[in-house]
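One file, protein.cif, carrying mmCIF, C-alpha atoms:
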```cif
data_model
#
loop_
_atom_site.label_atom_id
_atom_site.label_comp_id
_atom_site.auth_asym_id
_atom_site.auth_seq_id
_atom_site.Cartn_x
_atom_site.Cartn_y
_atom_site.Cartn_z
CA MET A 1 94.41 68.39 114.01
CA ASN A 2 97.13 67.07 116.29
CA VAL A 3 100.39 68.63 117.51
CA HIS A 4 102.46 66.91 114.81
CA GLN A 5 100.31 68.39 112.03
CA ALA A 6 100.35 71.82 113.70
CA ASN A 7 104.17 71.74 113.85
CA LYS A 8 104.26 71.06 110.11
CA ILE A 9 102.11 74.15 109.48
CA ILE A 10 103.83 76.58 111.89
CA LEU A 11 107.51 76.37 110.97
CA GLU A 12 109.06 79.10 113.14
CA PRO A 13 108.42 82.51 114.71
CA TYR A 14 109.70 85.42 112.66
CA SER A 15 111.22 88.27 114.60
CA THR A 16 112.49 91.62 113.35
CA GLU A 17 112.40 95.13 114.75
CA LYS A 18 109.18 95.78 112.83
CA THR A 19 107.47 92.62 114.15
CA SER A 20 108.53 93.51 117.71
CA ILE A 21 106.73 96.84 117.34
CA MET A 22 103.66 95.00 115.99
CA VAL A 23 103.62 92.79 119.09
CA GLU A 24 103.81 95.72 121.48
CA HIS A 25 101.31 98.02 119.75
CA GLU A 26 98.92 95.82 117.77
CA GLY A 27 99.00 92.44 119.52
CA LYS A 28 100.25 90.67 116.37
CA LEU A 29 102.95 88.01 116.04
CA CYS A 30 104.55 86.87 112.81
CA PHE A 31 105.30 83.25 111.93
CA ILE A 32 106.83 81.51 108.93
CA VAL A 33 104.27 78.90 107.89
CA ASP A 34 103.95 76.10 105.34
CA ARG A 35 103.27 77.60 101.92
CA ALA A 36 100.29 75.26 101.36
CA ALA A 37 98.59 76.19 104.65
CA ASN A 38 95.42 78.25 104.52
CA LYS A 39 94.16 80.74 107.11
CA PRO A 40 91.76 78.38 108.97
CA GLU A 41 94.56 75.80 109.29
CA ILE A 42 96.96 78.45 110.59
CA ILE A 43 94.42 79.62 113.18
CA GLN A 44 93.77 76.08 114.34
CA ALA A 45 97.50 75.28 114.57
CA ILE A 46 98.33 78.46 116.55
CA GLU A 47 95.46 77.88 118.98
CA LEU A 48 96.53 74.25 119.48
CA LEU A 49 100.25 74.94 119.94
CA TYR A 50 100.11 78.14 121.99
CA GLU A 51 96.67 77.91 123.65
CA GLN A 52 95.77 81.51 122.78
CA LYS A 53 92.64 82.74 121.00
CA VAL A 54 93.36 84.10 117.51
CA THR A 55 91.11 86.86 116.15
CA LYS A 56 92.60 87.41 112.68
CA VAL A 57 95.29 86.13 110.31
CA ASN A 58 96.87 87.89 107.33
CA THR A 59 99.33 86.08 105.09
CA ALA A 60 102.02 87.18 102.66
CA ILE A 61 104.27 85.23 100.32
CA THR A 62 107.87 86.51 100.54
CA ILE A 63 111.34 85.38 99.54
CA ARG A 64 111.76 84.02 103.07
CA GLY A 65 108.57 81.95 102.71
CA LYS A 66 104.95 82.40 103.63
CA LYS A 67 104.46 84.72 106.60
CA ALA A 68 101.38 84.71 108.78
CA PHE A 69 100.60 87.83 110.79
CA VAL A 70 98.48 86.56 113.67
CA LYS A 71 96.37 88.95 115.76
CA PHE A 72 95.45 87.85 119.27
CA GLU A 73 92.57 88.86 121.57
CA ASN A 74 94.58 91.55 123.32
CA VAL A 75 98.07 93.05 123.41
CA GLU A 76 98.94 91.58 126.83
CA LYS A 77 98.36 88.01 125.65
CA ALA A 78 100.45 88.64 122.54
CA ASN A 79 103.26 90.10 124.69
CA ASP A 80 103.16 87.12 127.05
CA LEU A 81 103.30 84.67 124.16
CA ALA A 82 106.14 86.56 122.46
CA ARG A 83 108.18 86.38 125.67
CA GLN A 84 107.31 82.71 126.11
CA ILE A 85 108.62 81.76 122.66
CA GLY A 86 111.62 84.10 122.83
CA MET A 87 110.61 86.82 120.37
CA LEU A 88 110.98 89.67 122.89
#
```
Just give me the structure as structure tokens.
Amino acid sequence: MNVHQANKIILEPYSTEKTSIMVEHEGKLCFIVDRAANKPEIIQAIELLYEQKVTKVNTAITIRGKKAFVKFENVEKANDLARQIGML
């Protein structure tokens, strides 16, 4: 996978009050992803784009699109990444 393909999978970060709490307490970030993307593709794209180790991904189909809840190795790394991409 290259950066261009990863950018087609990960469309944008999704930030709400609830997702901000998830970042701070659980080490999870939420992204809007391509509806056709599967969990292994999402993991690979996140690790390529943000250079952080992903431990788990949960997905949900919503009116807004497909959301991926991505859990990172630890809360500090998730907080750093959220600040880096402007979620916090």
Expressed in Å, the length from CA of Ala82 in chain A to CA of Glu17 in chain A is 13.1 Å
For Asn74 in chain A, which of A:His4, A:Lys28, A:Lys39, A:Lys18 is the closest residue, counting only C-alpha atoms?
A:Lys28
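From CA of Ile10 in chain A back to CA of Lys66 in chain A, the distance works out to 10.2 Å.
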Determine the nearest neighbour of Thr16 in chain A from the options A:Val3, A:Leu88, A:Leu81, A:Val75, counting all atoms listed in the file.
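Between A:Val3, A:Leu88, A:Leu81, A:Val75, the residue approaching Thr16 in chain A most closely is A:Leu88.
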Among listed residues A:Arg35, A:Asp80, A:Ile46, A:Met87, nearest Ile63 in chain A (using all atoms listed in the file)
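Closest residue, counting all atoms listed in the file: A:Arg35.
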Do a neighbour search on range 47-62 of chain A at 9 Å with all atoms listed in the file, toss out local chain neighbours closer than 3 positions, and write the hits as JSON, numbers by chain.
{"A": [1, 2, 3, 6, 7, 10, 35, 38, 39, 40, 42, 43, 44, 65, 66, 67, 68, 69, 70, 71, 72, 73, 77, 78, 81]}
